[in-house]
Amino acid sequence: MNTNREELSSIIKEQIRNYKSRIEMSEVGTVILVGDGIARAHGLRNCMASELLEFDDGSYGMAQNLEDETVSIAVLSDTNSIREGTQVRRTGKVLSVPVGEALLGRVVNALGNPIDGKGPIDTKAFRPVESEAPGIIERKSVSVPLQTGIKAIDGMIPIGRGQRELIIGDRQTGKTEIAIDTIINQRNSNVFCIYVAIGQKNSSVAQIANELEAEGAMDYTIIVSASAAESAPLQYIAPYAGCAMAEYFREQGKDVLIVYDDLSKHAVAYRALSLLLRRPPGREAFPGDVFYLHSRLLERAACVAPEYGGGSITALPLIETQAGDVSAYIPTNVISITDGQIFLETELFHAGIMPAINPGISVSRVGGAAQLKGMKKVSGELKLLYSQYRELQSFAQFGSDLDADTKARLALGERIVEVLKQKRNSPVSPGGQVAIIYAVINGYLNSIPVSKIPEYEERLYDKLDREAKDWQKRIEDNHFEEEDIERLKQILDEIK
């Protein structure tokens, strides 16, 4: 008994001897106003801009407006029990999202939490959603093509790895289809893909996920979704979260393709957030920093020089226009930030020309630098001939008396339009694209009726796959010498 007392007293003495008083300090504020996803708190005097704040109910918010006595907080949760008097504490951290290979094949929300019902994501790494874009010294010029598998784009408006190419047009003109087809075409190209859905229906996102799953593209793709049902702060965060995930791969020297679908809804979400925060409205009620909203996002897409780790982020932002008005506020902002745009026209879409690309105002400011040698050689005249055809077509409908040269140009234009038509989820290999564009421009299709061109195309691709795999490999490896042209001519003569 005495022994036990002695042991007990020695343990107590030891604990007293080693006792260190620890005082944990945390700055706590009180919510004085809450509503519409915005909370205003008093007492957080040392709070930082964009700091992550934690409420009593376990939900999080992001500090936005730092005023004299109060802090306005964007609440990052749709289901919360925040009321007046709720306590809110500083975390001392900026908003971060999980990143890493574990996210591939998953659908996550704007905070990186899984929403696909496939269980938790095991990832240890986190990145802040906002980070600085690579500086000029770290960048290198865009030179490696990013093949979309779409003939009209790879031929006339080429996209390179590290480029920012805007896809713009009215709703229901096939903008998302172009982006999804591009993701599907990255199957064997070692390019990771991230699809950010902003303000879309959950059913649409589920449909896209199923489509990518069916094509085997989810293996290298992450979907980040902030649906229309979610609050404006979550829709505002989503593209930055997607970009943080992309930067993780880029820092490892990998190539990434990121699609923002779409930035019009992103700007609207930011406008709603800003008006609720009582920020002064400017043009069309957008806040004064709406240009910076998108420029700081798209500047993070870049091709990094090998001495700084290499890797690239290619951005395909989507913008929805109203009745084809590209001169509206948000479209002009994003056009001036990006390296070119693919303009989709409603009239062409309704005429059955898909993808409905208008070659006149679609442009790639990287140009031939991001094209394979073969494609560069054969498609040099393609855009000019297509644009001339569109011009002649509008005049031809007024006059029945046309000279032989005009008739020949119109006939060639019809065949070019037919060749550039493409169904969804049917990417064409670089070799196939080079072959069919060479055939149409050099008169191999002149004797073939326009209605028979799809059949001719099928036969050409089939022949290339059966008899000219080595030739196709040379095109993909960026070779296109005199002997390659002779071989192509021989293949086209045999089909004819």
# chains A, B, ... in the order shown; residues from 1 in each chain; ligands from 1
>>> select_by_dssp(residues="region 90-234 of chain A", states="strand (DSSP E or B)", output="number ranges by chain")
A: 90-94, 96-98, 107-108, 114, 126-128, 139, 145, 160, 164, 166-169, 191-198, 221-226
>>> residues_around(residues="Pro158 (chain A)", least_positions_apart="2", cutoff="9 Å", atoms="only C-alpha atoms", output="MDAnalysis selection string")
chainID A and resid 145:148 152:156 160 363:364 366:371
>>> write_last_selection(atoms="N, CA and C atoms", output="mmCIF file, in the first residue's frame")
data_model
loop_
_atom_site.group_PDB
_atom_site.id
_atom_site.type_symbol
_atom_site.label_atom_id
_atom_site.label_comp_id
_atom_site.auth_asym_id
_atom_site.auth_seq_id
_atom_site.Cartn_x
_atom_site.Cartn_y
_atom_site.Cartn_z
ATOM 1 N N PRO A 145 2.557 21.497 -80.544
ATOM 2 C CA PRO A 145 1.108 21.519 -80.810
ATOM 3 C C PRO A 145 0.325 20.754 -79.744
ATOM 4 N N LEU A 146 -0.892 21.231 -79.463
ATOM 5 C CA LEU A 146 -1.838 20.465 -78.663
ATOM 6 C C LEU A 146 -2.923 20.032 -79.653
ATOM 7 N N GLN A 147 -2.860 18.780 -80.075
ATOM 8 C CA GLN A 147 -3.790 18.295 -81.099
ATOM 9 C C GLN A 147 -5.199 18.165 -80.519
ATOM 10 N N THR A 148 -6.168 18.797 -81.190
ATOM 11 C CA THR A 148 -7.560 18.686 -80.732
ATOM 12 C C THR A 148 -8.267 17.517 -81.407
ATOM 13 N N ALA A 152 -10.908 21.381 -88.454
ATOM 14 C CA ALA A 152 -11.033 22.829 -88.657
ATOM 15 C C ALA A 152 -10.104 23.605 -87.719
ATOM 16 N N ILE A 153 -9.917 23.097 -86.487
ATOM 17 C CA ILE A 153 -9.075 23.806 -85.515
ATOM 18 C C ILE A 153 -7.601 23.530 -85.790
ATOM 19 N N ASP A 154 -7.221 22.245 -85.907
ATOM 20 C CA ASP A 154 -5.807 21.911 -86.128
ATOM 21 C C ASP A 154 -5.307 22.456 -87.467
ATOM 22 N N GLY A 155 -6.223 22.629 -88.440
ATOM 23 C CA GLY A 155 -5.821 23.141 -89.750
ATOM 24 C C GLY A 155 -5.756 24.657 -89.813
ATOM 25 N N MET A 156 -6.763 25.353 -89.224
ATOM 26 C CA MET A 156 -6.856 26.809 -89.408
ATOM 27 C C MET A 156 -6.520 27.619 -88.159
ATOM 28 N N GLY A 160 -1.374 25.569 -79.251
ATOM 29 C CA GLY A 160 -0.109 25.028 -78.757
ATOM 30 C C GLY A 160 -0.159 24.814 -77.257
ATOM 31 N N VAL A 363 -9.129 33.176 -84.757
ATOM 32 C CA VAL A 363 -7.700 33.414 -84.977
ATOM 33 C C VAL A 363 -6.892 32.737 -83.872
ATOM 34 N N SER A 364 -5.673 32.314 -84.219
ATOM 35 C CA SER A 364 -4.727 31.845 -83.205
ATOM 36 C C SER A 364 -3.505 32.739 -83.298
ATOM 37 N N VAL A 366 -0.775 32.344 -81.952
ATOM 38 C CA VAL A 366 0.466 31.568 -81.934
ATOM 39 C C VAL A 366 0.760 31.066 -83.346
ATOM 40 N N GLY A 367 -0.305 30.766 -84.094
ATOM 41 C CA GLY A 367 -0.178 30.444 -85.511
ATOM 42 C C GLY A 367 0.603 29.183 -85.790
ATOM 43 N N GLY A 368 1.350 29.205 -86.893
ATOM 44 C CA GLY A 368 2.067 28.030 -87.374
ATOM 45 C C GLY A 368 3.111 27.500 -86.425
ATOM 46 N N ALA A 369 3.516 28.302 -85.417
ATOM 47 C CA ALA A 369 4.508 27.837 -84.438
ATOM 48 C C ALA A 369 3.981 26.629 -83.675
ATOM 49 N N ALA A 370 2.646 26.501 -83.615
ATOM 50 C CA ALA A 370 2.049 25.394 -82.851
ATOM 51 C C ALA A 370 1.419 24.372 -83.792
ATOM 52 N N GLN A 371 2.015 24.205 -84.976
ATOM 53 C CA GLN A 371 1.490 23.232 -85.933
ATOM 54 C C GLN A 371 2.554 22.237 -86.329
#
>>> closest_residue(among="A:Gly37, A:Ile495, A:Arg424, A:Gly310", to="Asp181 (chain A)", atoms="only C-alpha atoms")
A:Arg424
>>> residues_around(residues="region 100-117 of chain A", least_positions_apart="2", cutoff="6 Å", atoms="only C-alpha atoms", output="compact mmCIF listing (two decimals) with N, CA and C atoms, in the first residue's frame")
# COMPACT_ATOMS: atom_id res chain seq x y z
N VAL A 97 -6.64 24.02 -51.70
CA VAL A 97 -7.38 22.82 -52.14
C VAL A 97 -6.42 21.64 -52.25
N PRO A 98 -6.93 20.40 -52.09
CA PRO A 98 -6.06 19.23 -52.26
C PRO A 98 -5.62 19.09 -53.72
N GLY A 119 -16.18 7.68 -52.55
CA GLY A 119 -15.39 7.65 -51.31
C GLY A 119 -14.39 8.78 -51.21
N MET A 218 -11.48 9.66 -68.40
CA MET A 218 -11.48 10.05 -66.98
C MET A 218 -10.19 9.62 -66.27
N ASP A 219 -9.44 8.67 -66.88
CA ASP A 219 -8.19 8.19 -66.27
C ASP A 219 -7.19 9.33 -66.08
N TYR A 220 -7.25 10.34 -66.96
CA TYR A 220 -6.29 11.45 -66.87
C TYR A 220 -6.99 12.80 -66.69
N THR A 221 -8.24 12.75 -66.19
CA THR A 221 -9.05 13.98 -66.09
C THR A 221 -9.59 14.18 -64.68
N ILE A 222 -9.64 15.45 -64.26
CA ILE A 222 -10.32 15.82 -63.00
C ILE A 222 -11.47 16.75 -63.40
N ILE A 223 -12.65 16.54 -62.82
CA ILE A 223 -13.77 17.47 -63.05
C ILE A 223 -14.00 18.25 -61.76
N VAL A 224 -13.96 19.57 -61.87
CA VAL A 224 -14.25 20.46 -60.73
C VAL A 224 -15.60 21.12 -61.03
N SER A 225 -16.56 20.92 -60.15
CA SER A 225 -17.91 21.42 -60.43
C SER A 225 -18.41 22.34 -59.33
N ALA A 226 -18.86 23.53 -59.74
CA ALA A 226 -19.60 24.43 -58.84
C ALA A 226 -20.92 24.72 -59.56
N LEU A 234 -18.76 29.94 -54.02
CA LEU A 234 -18.21 28.66 -54.49
C LEU A 234 -17.99 28.68 -56.00
N ALA A 238 -14.22 28.22 -57.93
CA ALA A 238 -14.00 27.00 -58.72
C ALA A 238 -12.86 27.07 -59.74
>>> closest_atom_pairs(of="region 242-319 of chain A", to="region 127-134 of chain A", cutoff="6 Å", atoms="only C-alpha atoms", output="JSON lines")
{"residue": "A:Ala244", "atom": "CA", "partner": "A:Val129", "partner_atom": "CA", "distance": 5.4}
{"residue": "A:Glu299", "atom": "CA", "partner": "A:Ala133", "partner_atom": "CA", "distance": 5.8}
{"residue": "A:Arg300", "atom": "CA", "partner": "A:Ala133", "partner_atom": "CA", "distance": 4.3}
>>> residues_around(residues="region 249-257 of chain A", least_positions_apart="4", cutoff="7 Å", atoms="only C-alpha atoms", output="number ranges by chain")
A: 191-194, 309-315
>>> select_by_dssp(residues="region 441-484 of chain A", states="helix (DSSP H, G or I)", output="PyMOL selection string")
chain A and resi 441+450-467+469-476+482-484
>>> closest_residue(among="A:Gln163, A:Ser81, A:Ser72, A:Thr176", to="Ser204 (chain A)", atoms="only C-alpha atoms")
A:Thr176
>>> closest_residue(among="A:Val28, A:Ile475, A:Val75, A:Ile136", to="Arg90 (chain A)", atoms="only C-alpha atoms")
A:Val28
>>> residues_around(residues="Lys473 (chain A)", least_positions_apart="4", cutoff="12 Å", atoms="only C-alpha atoms", output="PyMOL selection string")
chain A and resi 374+429-432+464-465+468-469+477-480+484
>>> write_last_selection(atoms="N, CA and C atoms", output="CSV table (one decimal), in the first residue's frame")
chain,number,residue,atom,x,y,z
A,374,GLY,N,3.8,19.0,-91.4
A,374,GLY,CA,2.9,18.5,-92.5
A,374,GLY,C,1.7,19.4,-92.6
A,429,SER,N,-6.8,11.5,-86.6
A,429,SER,CA,-5.3,11.5,-86.4
A,429,SER,C,-4.6,12.6,-87.2
A,430,PRO,N,-3.5,13.1,-86.8
A,430,PRO,CA,-2.8,14.1,-87.5
A,430,PRO,C,-2.5,13.7,-89.0
A,431,GLY,N,-2.2,12.4,-89.2
A,431,GLY,CA,-1.9,11.9,-90.6
A,431,GLY,C,-3.2,12.0,-91.4
A,432,GLY,N,-4.3,11.6,-90.8
A,432,GLY,CA,-5.6,11.7,-91.5
A,432,GLY,C,-6.0,13.1,-91.9
A,464,LEU,N,-5.2,4.5,-94.9
A,464,LEU,CA,-4.0,5.0,-94.2
A,464,LEU,C,-3.7,4.1,-93.0
A,465,ASP,N,-4.8,3.6,-92.3
A,465,ASP,CA,-4.6,2.8,-91.1
A,465,ASP,C,-4.1,1.4,-91.5
A,468,ALA,N,-0.5,2.6,-94.4
A,468,ALA,CA,0.4,3.7,-94.3
A,468,ALA,C,0.6,4.1,-92.8
A,469,LYS,N,0.7,3.1,-91.9
A,469,LYS,CA,0.9,3.4,-90.5
A,469,LYS,C,2.3,4.1,-90.3
A,477,ASP,N,5.5,12.6,-85.9
A,477,ASP,CA,6.9,12.9,-85.4
A,477,ASP,C,7.4,14.1,-86.0
A,478,ASN,N,6.6,14.9,-86.7
A,478,ASN,CA,6.9,16.2,-87.3
A,478,ASN,C,7.8,16.1,-88.5
A,479,HIS,N,7.7,15.1,-89.3
A,479,HIS,CA,8.4,15.0,-90.6
A,479,HIS,C,7.4,15.2,-91.7
A,480,PHE,N,7.8,15.9,-92.8
A,480,PHE,CA,7.0,16.1,-94.0
A,480,PHE,C,7.9,16.5,-95.1
A,484,ASP,N,7.5,12.1,-98.4
A,484,ASP,CA,6.2,12.0,-97.8
A,484,ASP,C,5.1,12.5,-98.6
>>> atom_distance(atom1="CA of Phe398 (chain A)", atom2="CA of Gly324 (chain A)")
24.9 Å
>>> atom_distance(atom1="CA of Val142 (chain A)", atom2="CA of Gly360 (chain A)")
23.3 Å
>>> closest_residue(among="A:Ile337, A:Ala269, A:Met62, A:Ile448", to="Glu230 (chain A)", atoms="only C-alpha atoms")
A:Ala269
>>> closest_residue(among="A:Arg161, A:Thr332, A:Ser327, A:Glu6", to="Asn190 (chain A)", atoms="only C-alpha atoms")
A:Arg161
>>> closest_residue(among="A:Ile184, A:Val196, A:Leu385, A:Leu318", to="Phe343 (chain A)", atoms="only C-alpha atoms")
A:Leu318
